[in-house]
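This report refers to the structure that appears directly beneath it.
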Amino acid sequence: MTLDVHFTSFEILQVSVPARPEMGIPASARFDSIPLTLVVGRTNLGFEALGESSRVDGVEAIERTLRQLLHIPLNDWTPSTRWMRDSHETGFVSGMMRTRRLFSWEACEDLSMFLLESLWLDAMGRAAGAPAHVLLGGAVRRRVKADFWAAQPDAQELAALVAKAHGFGCRGLKMKSDPEGNTAFALAEIARDVPANFEFTIDPMFNWRSLHQSRRIFETLSALGLTIRVEDPFPFEVIEDWQMARQRYSLPIIWHTRSEEDLRIALREQTADAFNIACRSAHEAVYLSHVLAFHKKDCWFGSQLESGIFQQVRLHSACVAPTCVLASDLQSQWVREHCLVDPPMTTMEGYAEVSDSPGLGVELNRDAVARFLVRRWTVE
């Protein structure tokens, strides 16, 4: 006999959780002005499951998604197949019509894939008494590398953040950069005081316009004797600069892939040593990690500085991805004033521990939610 699990109603909670003041995030880069949308789904079996949408999902998309989940047996489908549809596009290679159907993350126009998969993973895991990673294919590791995060700190701020990160049990830090390489030169100022085996990722977000313009930055970083990765240094259009940077410097170059097509271009043109997979879905991220296995490339999973709910989705998906061996962006609870769930993610020696509790393994901290609540409503 198949166990029938379905949602009977949803409580929607929009919260605005500020960044911690000590993170030094400039006003021009504030992400915390966009509310997070959390969802508590009540089931016919009496328990509640947690979900979270993407920060870019509008209210209409969120409500439309939830109405499609009401009273629908969850064990009849998976997040990858729920919104599957036929494709009317031509194939990437053959030029003929594609025969493979589009996965949900490719076909979920005007719907929230993040919300669908987080609710499904938590509800089905709780019903089955199994952690979410079992539903994603099974853990290949029990701990996931996780780095600290910074915006664009100066040398003094960076030194303090490295110390804080080390105290939290992190062994690496990711930070942004302006077009002139401000954080690269800040790192050069404190390089002698960096703890042993502490690593850095610098992400200019395509702002180093060309290799010619950023040559001094690359030469400075290469001379520091630290493990430093450079993510998205140049615009995607200047492929030759990506290729030359890999040839001339020992710094690993990282390509931030947001879709299968992005990844296809990077692999074909050999633009990167490894990848940040930050796409429309955790299921898609796992799918792309298997693609990377054929190319012997490593990756990490990115984030949207979400709450602790979707942070757990990323943690569970990272532990099942065979090539996700680099430090993932699981820094939400350090960057924001509260992660809104209990227990918070545990980090030791640069690794985040994966929960074996049913579902996502966390409960909503109602006191924290009340503190940051902006709006509450229901769908039933």
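By order of appearance in the structure tokens: chains A, B, ..., then residues from 1 within every chain, and ligands from 1 in the order shown.
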Write out, as a tab-separated table, each residue of stretch 231-256 of chain A that has an atom at most 6 Å from stretch 274-285 of chain A, together with the closest pair of atoms and their distance in Å to one decimal, counting only C-alpha atoms, rows going by chain and rising number.
```
residue	atom	partner	partner_atom	distance
A:Ile254	CA	A:Ala274	CA	5.1
A:Trp255	CA	A:Phe275	CA	4.9
A:His256	CA	A:Asn276	CA	4.6
```
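Once A:Ala184 and its same-chain neighbours fewer than 4 positions away are set aside, Ala188, Ile217 and Leu221 of chain A remain within 7 Å of it when counting only C-alpha atoms.
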Excluding A:Thr43 and any residue of its chain fewer than 3 positions from it, enumerate the residues within 7 Å of it, using only C-alpha atoms, and give them as a count of residues only. 7
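Of the residues under consideration (A:Lys164, A:Arg20, A:Arg101, A:Arg376), A:Arg101 shows the shortest atom-to-atom contact distance to A:Ser80 when counting only C-alpha atoms.
Of the listed residues A:Cys299, A:Leu69, A:Ala186, A:Val162, the one whose atoms come nearest to A:Leu116 is A:Leu69, with distances taken using only C-alpha atoms.
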Near A:Arg246, within 12 Å and counting only C-alpha atoms, which residues show up once chain neighbours fewer than 2 positions away are dropped, as number ranges by chain? A: 211, 218, 229-231, 233, 239-244, 248-255, 269-274
Output of the above residues as a PDB file, in the first residue's frame, restricted to N, CA and C atoms:
```pdb
ATOM      1  N   LEU A 211      42.328  40.559 -19.753  1.00  0.00           N
ATOM      2  CA  LEU A 211      43.571  40.111 -19.130  1.00  0.00           C
ATOM      3  C   LEU A 211      44.614  41.220 -19.186  1.00  0.00           C
ATOM      4  N   PHE A 218      46.780  39.863 -11.483  1.00  0.00           N
ATOM      5  CA  PHE A 218      47.156  38.448 -11.558  1.00  0.00           C
ATOM      6  C   PHE A 218      48.593  38.238 -11.094  1.00  0.00           C
ATOM      7  N   ARG A 229      41.903  31.230  -5.768  1.00  0.00           N
ATOM      8  CA  ARG A 229      41.143  30.986  -6.987  1.00  0.00           C
ATOM      9  C   ARG A 229      40.533  32.304  -7.445  1.00  0.00           C
ATOM     10  N   VAL A 230      40.400  32.450  -8.755  1.00  0.00           N
ATOM     11  CA  VAL A 230      39.765  33.639  -9.316  1.00  0.00           C
ATOM     12  C   VAL A 230      38.516  33.198 -10.065  1.00  0.00           C
ATOM     13  N   GLU A 231      37.375  33.687  -9.605  1.00  0.00           N
ATOM     14  CA  GLU A 231      36.097  33.310 -10.201  1.00  0.00           C
ATOM     15  C   GLU A 231      35.558  34.446 -11.065  1.00  0.00           C
ATOM     16  N   PRO A 233      36.572  36.275 -13.731  1.00  0.00           N
ATOM     17  CA  PRO A 233      37.365  37.501 -13.860  1.00  0.00           C
ATOM     18  C   PRO A 233      36.909  38.395 -15.003  1.00  0.00           C
ATOM     19  N   ILE A 239      36.420  35.033 -24.507  1.00  0.00           N
ATOM     20  CA  ILE A 239      36.865  33.665 -24.239  1.00  0.00           C
ATOM     21  C   ILE A 239      38.385  33.562 -24.249  1.00  0.00           C
ATOM     22  N   GLU A 240      39.031  34.272 -25.166  1.00  0.00           N
ATOM     23  CA  GLU A 240      40.484  34.155 -25.302  1.00  0.00           C
ATOM     24  C   GLU A 240      41.201  34.597 -24.018  1.00  0.00           C
ATOM     25  N   ASP A 241      40.648  35.581 -23.334  1.00  0.00           N
ATOM     26  CA  ASP A 241      41.275  36.045 -22.101  1.00  0.00           C
ATOM     27  C   ASP A 241      41.193  34.986 -21.005  1.00  0.00           C
ATOM     28  N   TRP A 242      40.070  34.305 -20.909  1.00  0.00           N
ATOM     29  CA  TRP A 242      39.948  33.188 -19.972  1.00  0.00           C
ATOM     30  C   TRP A 242      41.011  32.131 -20.288  1.00  0.00           C
ATOM     31  N   GLN A 243      41.139  31.794 -21.546  1.00  0.00           N
ATOM     32  CA  GLN A 243      42.092  30.758 -21.941  1.00  0.00           C
ATOM     33  C   GLN A 243      43.535  31.180 -21.648  1.00  0.00           C
ATOM     34  N   MET A 244      43.867  32.432 -21.948  1.00  0.00           N
ATOM     35  CA  MET A 244      45.234  32.910 -21.711  1.00  0.00           C
ATOM     36  C   MET A 244      45.551  33.004 -20.229  1.00  0.00           C
ATOM     37  N   ARG A 248      48.889  31.349 -18.547  1.00  0.00           N
ATOM     38  CA  ARG A 248      49.984  32.181 -18.058  1.00  0.00           C
ATOM     39  C   ARG A 248      50.180  32.125 -16.552  1.00  0.00           C
ATOM     40  N   TYR A 249      49.115  31.850 -15.803  1.00  0.00           N
ATOM     41  CA  TYR A 249      49.196  31.944 -14.348  1.00  0.00           C
ATOM     42  C   TYR A 249      48.791  30.629 -13.696  1.00  0.00           C
ATOM     43  N   SER A 250      49.317  30.419 -12.500  1.00  0.00           N
ATOM     44  CA  SER A 250      49.024  29.176 -11.777  1.00  0.00           C
ATOM     45  C   SER A 250      47.745  29.269 -10.966  1.00  0.00           C
ATOM     46  N   LEU A 251      47.081  30.425 -10.964  1.00  0.00           N
ATOM     47  CA  LEU A 251      45.842  30.591 -10.205  1.00  0.00           C
ATOM     48  C   LEU A 251      44.703  29.834 -10.882  1.00  0.00           C
ATOM     49  N   PRO A 252      44.003  28.956 -10.164  1.00  0.00           N
ATOM     50  CA  PRO A 252      42.846  28.281 -10.769  1.00  0.00           C
ATOM     51  C   PRO A 252      41.772  29.280 -11.176  1.00  0.00           C
ATOM     52  N   ILE A 253      41.239  29.135 -12.366  1.00  0.00           N
ATOM     53  CA  ILE A 253      40.202  30.010 -12.886  1.00  0.00           C
ATOM     54  C   ILE A 253      38.860  29.288 -12.786  1.00  0.00           C
ATOM     55  N   ILE A 254      37.861  29.961 -12.208  1.00  0.00           N
ATOM     56  CA  ILE A 254      36.559  29.355 -11.933  1.00  0.00           C
ATOM     57  C   ILE A 254      35.497  30.009 -12.816  1.00  0.00           C
ATOM     58  N   TRP A 255      34.669  29.188 -13.423  1.00  0.00           N
ATOM     59  CA  TRP A 255      33.544  29.649 -14.251  1.00  0.00           C
ATOM     60  C   TRP A 255      32.259  29.429 -13.468  1.00  0.00           C
ATOM     61  N   GLU A 269      35.210  25.306 -24.720  1.00  0.00           N
ATOM     62  CA  GLU A 269      36.267  26.300 -24.950  1.00  0.00           C
ATOM     63  C   GLU A 269      37.418  26.176 -23.947  1.00  0.00           C
ATOM     64  N   GLN A 270      37.295  25.278 -22.966  1.00  0.00           N
ATOM     65  CA  GLN A 270      38.337  25.055 -21.968  1.00  0.00           C
ATOM     66  C   GLN A 270      38.726  26.360 -21.266  1.00  0.00           C
ATOM     67  N   THR A 271      37.723  27.036 -20.749  1.00  0.00           N
ATOM     68  CA  THR A 271      37.935  28.340 -20.122  1.00  0.00           C
ATOM     69  C   THR A 271      38.253  28.261 -18.636  1.00  0.00           C
ATOM     70  N   ALA A 272      38.016  27.124 -17.989  1.00  0.00           N
ATOM     71  CA  ALA A 272      38.079  27.088 -16.525  1.00  0.00           C
ATOM     72  C   ALA A 272      38.716  25.815 -16.009  1.00  0.00           C
ATOM     73  N   ASP A 273      39.297  25.945 -14.814  1.00  0.00           N
ATOM     74  CA  ASP A 273      39.861  24.785 -14.119  1.00  0.00           C
ATOM     75  C   ASP A 273      38.820  24.087 -13.266  1.00  0.00           C
ATOM     76  N   ALA A 274      37.829  24.832 -12.800  1.00  0.00           N
ATOM     77  CA  ALA A 274      36.767  24.271 -11.969  1.00  0.00           C
ATOM     78  C   ALA A 274      35.554  25.196 -12.075  1.00  0.00           C
TER      79      ALA A 274
END
```
DSSP says helix (DSSP H, G or I) for which residues of stretch 269-343 of chain A? Put them as a PyMOL selection string? chain A and resi 269+282-295+308-320+332-335
Keeping only N, CA and C atoms, write the selected residues to a file as a compact mmCIF listing (two decimals), in the first residue's frame.
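Now in selection-v4.txt:
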```txt
# COMPACT_ATOMS: atom_id res chain seq x y z
N GLU A 269 35.21 25.31 -24.72
CA GLU A 269 36.27 26.30 -24.95
C GLU A 269 37.42 26.18 -23.95
N ALA A 282 18.60 22.83 -7.04
CA ALA A 282 19.57 21.92 -6.44
C ALA A 282 19.65 20.62 -7.23
N HIS A 283 18.50 20.17 -7.76
CA HIS A 283 18.51 18.95 -8.57
C HIS A 283 19.31 19.17 -9.85
N GLU A 284 19.20 20.34 -10.44
CA GLU A 284 19.99 20.65 -11.63
C GLU A 284 21.48 20.68 -11.29
N ALA A 285 21.82 21.22 -10.12
CA ALA A 285 23.22 21.27 -9.71
C ALA A 285 23.81 19.86 -9.60
N VAL A 286 23.05 18.94 -9.01
CA VAL A 286 23.53 17.56 -8.91
C VAL A 286 23.68 16.96 -10.31
N TYR A 287 22.73 17.22 -11.18
CA TYR A 287 22.78 16.74 -12.57
C TYR A 287 24.04 17.24 -13.27
N LEU A 288 24.35 18.53 -13.13
CA LEU A 288 25.53 19.09 -13.79
C LEU A 288 26.82 18.58 -13.16
N SER A 289 26.78 18.27 -11.88
CA SER A 289 27.99 17.72 -11.24
C SER A 289 28.35 16.37 -11.83
N HIS A 290 27.34 15.60 -12.24
CA HIS A 290 27.63 14.32 -12.90
C HIS A 290 28.23 14.55 -14.29
N VAL A 291 27.79 15.59 -14.97
CA VAL A 291 28.39 15.93 -16.26
C VAL A 291 29.88 16.23 -16.07
N LEU A 292 30.21 16.98 -15.03
CA LEU A 292 31.61 17.34 -14.78
C LEU A 292 32.48 16.12 -14.50
N ALA A 293 31.87 15.07 -13.95
CA ALA A 293 32.65 13.86 -13.66
C ALA A 293 33.26 13.28 -14.93
N PHE A 294 32.55 13.39 -16.05
CA PHE A 294 33.07 12.87 -17.32
C PHE A 294 34.26 13.70 -17.81
N HIS A 295 34.33 14.94 -17.38
CA HIS A 295 35.39 15.83 -17.82
C HIS A 295 36.50 15.99 -16.78
N GLY A 308 18.44 29.46 6.49
CA GLY A 308 18.94 28.13 6.80
C GLY A 308 18.16 27.01 6.16
N ILE A 309 16.95 27.29 5.64
CA ILE A 309 16.16 26.24 5.00
C ILE A 309 16.82 25.80 3.69
N PHE A 310 16.97 26.75 2.77
CA PHE A 310 17.57 26.34 1.50
C PHE A 310 19.07 26.12 1.63
N GLN A 311 19.69 26.70 2.65
CA GLN A 311 21.08 26.35 2.90
C GLN A 311 21.21 24.86 3.15
N GLN A 312 20.24 24.27 3.84
CA GLN A 312 20.26 22.82 4.07
C GLN A 312 20.02 22.05 2.78
N VAL A 313 19.17 22.58 1.89
CA VAL A 313 18.99 21.92 0.58
C VAL A 313 20.33 21.86 -0.14
N ARG A 314 21.07 22.96 -0.14
CA ARG A 314 22.36 22.99 -0.81
C ARG A 314 23.34 22.03 -0.15
N LEU A 315 23.32 21.97 1.17
CA LEU A 315 24.23 21.07 1.89
C LEU A 315 23.93 19.62 1.55
N HIS A 316 22.65 19.24 1.55
CA HIS A 316 22.28 17.86 1.22
C HIS A 316 22.62 17.53 -0.23
N SER A 317 22.41 18.48 -1.14
CA SER A 317 22.71 18.21 -2.54
C SER A 317 24.21 18.15 -2.78
N ALA A 318 24.98 18.99 -2.08
CA ALA A 318 26.44 18.97 -2.26
C ALA A 318 27.04 17.65 -1.80
N CYS A 319 26.45 17.04 -0.78
CA CYS A 319 27.05 15.80 -0.26
C CYS A 319 26.79 14.60 -1.17
N VAL A 320 25.85 14.72 -2.11
CA VAL A 320 25.60 13.60 -3.04
C VAL A 320 26.27 13.84 -4.39
N SER A 332 25.38 31.64 4.58
CA SER A 332 24.25 32.50 4.92
C SER A 332 24.17 32.80 6.41
N GLN A 333 24.36 31.81 7.26
CA GLN A 333 24.17 32.02 8.68
C GLN A 333 25.26 32.87 9.30
N TRP A 334 26.40 33.01 8.62
CA TRP A 334 27.44 33.90 9.11
C TRP A 334 27.22 35.33 8.61
N VAL A 335 26.66 35.46 7.41
CA VAL A 335 26.51 36.78 6.80
C VAL A 335 25.28 37.50 7.35
```
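All residues of protein, DNA or RNA that reach within 12 Å of A:Asp356, judged by only C-alpha atoms and not counting those fewer than 2 positions away in the chain, are Gly125, Arg126, Gly129, Ala130, Pro131, Ala132, His133, Val134, Gly138, Ala139, Arg142, Arg143, Gln312, Leu315, His316, Cys319, Glu353, Val354, Pro358, Gly359, Leu360, Gly361 and Val362 of chain A.
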Please produce an output containing N, CA and C atoms for each residue in the selection, written as an mmCIF file, in the first residue's frame.
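Done, and the output landed in part19.cif:
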```
data_model
loop_
_atom_site.group_PDB
_atom_site.id
_atom_site.type_symbol
_atom_site.label_atom_id
_atom_site.label_comp_id
_atom_site.auth_asym_id
_atom_site.auth_seq_id
_atom_site.Cartn_x
_atom_site.Cartn_y
_atom_site.Cartn_z
ATOM 1 N N GLY A 125 11.058 13.411 3.045
ATOM 2 C CA GLY A 125 12.042 12.887 3.988
ATOM 3 C C GLY A 125 11.445 12.633 5.358
ATOM 4 N N ARG A 126 10.623 13.577 5.820
ATOM 5 C CA ARG A 126 9.980 13.388 7.123
ATOM 6 C C ARG A 126 9.016 12.202 7.091
ATOM 7 N N GLY A 129 11.107 9.093 7.041
ATOM 8 C CA GLY A 129 12.103 8.967 8.102
ATOM 9 C C GLY A 129 13.515 8.960 7.567
ATOM 10 N N ALA A 130 13.740 9.619 6.420
ATOM 11 C CA ALA A 130 15.038 9.601 5.758
ATOM 12 C C ALA A 130 15.544 11.025 5.540
ATOM 13 N N PRO A 131 16.860 11.254 5.655
ATOM 14 C CA PRO A 131 17.399 12.580 5.359
ATOM 15 C C PRO A 131 17.254 12.909 3.879
ATOM 16 N N ALA A 132 17.222 14.201 3.567
ATOM 17 C CA ALA A 132 16.977 14.650 2.192
ATOM 18 C C ALA A 132 18.003 14.109 1.213
ATOM 19 N N HIS A 133 19.246 13.915 1.672
ATOM 20 C CA HIS A 133 20.267 13.460 0.724
ATOM 21 C C HIS A 133 19.960 12.061 0.184
ATOM 22 N N VAL A 134 19.228 11.259 0.916
ATOM 23 C CA VAL A 134 18.825 9.940 0.399
ATOM 24 C C VAL A 134 17.921 10.111 -0.818
ATOM 25 N N GLY A 138 21.743 9.793 -2.453
ATOM 26 C CA GLY A 138 22.592 9.158 -1.450
ATOM 27 C C GLY A 138 23.922 9.869 -1.286
ATOM 28 N N ALA A 139 24.322 10.093 -0.040
ATOM 29 C CA ALA A 139 25.552 10.837 0.247
ATOM 30 C C ALA A 139 26.784 10.045 -0.173
ATOM 31 N N ARG A 142 30.131 12.607 4.097
ATOM 32 C CA ARG A 142 29.340 13.009 5.258
ATOM 33 C C ARG A 142 29.597 14.444 5.678
ATOM 34 N N ARG A 143 30.599 15.079 5.085
ATOM 35 C CA ARG A 143 30.899 16.479 5.356
ATOM 36 C C ARG A 143 31.130 17.195 4.030
ATOM 37 N N GLN A 312 20.237 24.266 3.844
ATOM 38 C CA GLN A 312 20.261 22.824 4.073
ATOM 39 C C GLN A 312 20.021 22.046 2.779
ATOM 40 N N LEU A 315 23.322 21.968 1.174
ATOM 41 C CA LEU A 315 24.226 21.074 1.888
ATOM 42 C C LEU A 315 23.926 19.620 1.551
ATOM 43 N N HIS A 316 22.651 19.236 1.552
ATOM 44 C CA HIS A 316 22.283 17.857 1.224
ATOM 45 C C HIS A 316 22.617 17.530 -0.233
ATOM 46 N N CYS A 319 26.453 17.036 -0.778
ATOM 47 C CA CYS A 319 27.052 15.802 -0.263
ATOM 48 C C CYS A 319 26.787 14.600 -1.167
ATOM 49 N N GLU A 353 28.809 19.837 8.567
ATOM 50 C CA GLU A 353 28.289 18.507 8.851
ATOM 51 C C GLU A 353 26.913 18.326 8.198
ATOM 52 N N VAL A 354 26.686 17.165 7.603
ATOM 53 C CA VAL A 354 25.413 16.847 6.957
ATOM 54 C C VAL A 354 24.511 16.125 7.952
ATOM 55 N N PRO A 358 15.444 13.265 9.650
ATOM 56 C CA PRO A 358 14.520 13.185 8.507
ATOM 57 C C PRO A 358 14.337 14.530 7.805
ATOM 58 N N GLY A 359 14.180 14.480 6.499
ATOM 59 C CA GLY A 359 13.972 15.683 5.710
ATOM 60 C C GLY A 359 15.212 16.547 5.678
ATOM 61 N N LEU A 360 15.022 17.855 5.763
ATOM 62 C CA LEU A 360 16.160 18.774 5.748
ATOM 63 C C LEU A 360 16.886 18.810 7.086
ATOM 64 N N GLY A 361 16.263 18.305 8.122
ATOM 65 C CA GLY A 361 16.942 18.197 9.411
ATOM 66 C C GLY A 361 16.912 19.444 10.260
ATOM 67 N N VAL A 362 16.018 20.399 9.947
ATOM 68 C CA VAL A 362 15.938 21.629 10.739
ATOM 69 C C VAL A 362 14.480 21.969 11.020
#
```
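Atom CA of A:Ser104 sits 15.9 Å away from atom CA of A:Glu261.
For the atom pair formed by atom CA of A:Val325 and atom CA of A:Glu52, the distance is 25.2 Å, given to one decimal.
Distance-wise, atom CA of A:Ile228 and atom CA of A:Cys339 end up 28.2 Å apart.
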Excluding A:Ile34 and its own-chain neighbours fewer than 2 positions away, which residues fall within 12 Å of it when counting only C-alpha atoms? Please give them as a PyMOL selection string. chain A and resi 14-19+29-32+36-37+54-58+304-306+374
Write to file, as a compact mmCIF listing (two decimals), in the first residue's frame, the residues of the selection just made, with C-alpha atoms.
```txt
# COMPACT_ATOMS: atom_id res chain seq x y z
CA GLN A 14 8.24 37.02 4.25
CA VAL A 15 11.17 38.11 6.38
CA SER A 16 13.87 40.73 6.05
CA VAL A 17 17.06 39.58 7.78
CA PRO A 18 19.86 42.18 7.74
CA ALA A 19 23.49 41.42 7.12
CA ALA A 29 25.90 45.81 -2.83
CA ARG A 30 23.13 45.34 -0.26
CA PHE A 31 21.33 42.06 -0.85
CA ASP A 32 19.30 42.12 2.37
CA LEU A 36 13.25 36.07 1.95
CA THR A 37 10.08 34.02 1.48
CA SER A 54 14.39 32.07 -4.66
CA ARG A 55 14.89 35.73 -3.78
CA VAL A 56 13.93 36.66 -7.35
CA ASP A 57 10.57 34.83 -7.29
CA GLY A 58 7.58 37.16 -7.19
CA GLN A 304 21.76 33.25 -2.90
CA LEU A 305 22.50 34.09 0.74
CA GLU A 306 19.27 32.31 1.60
CA VAL A 374 7.48 41.62 7.15
```
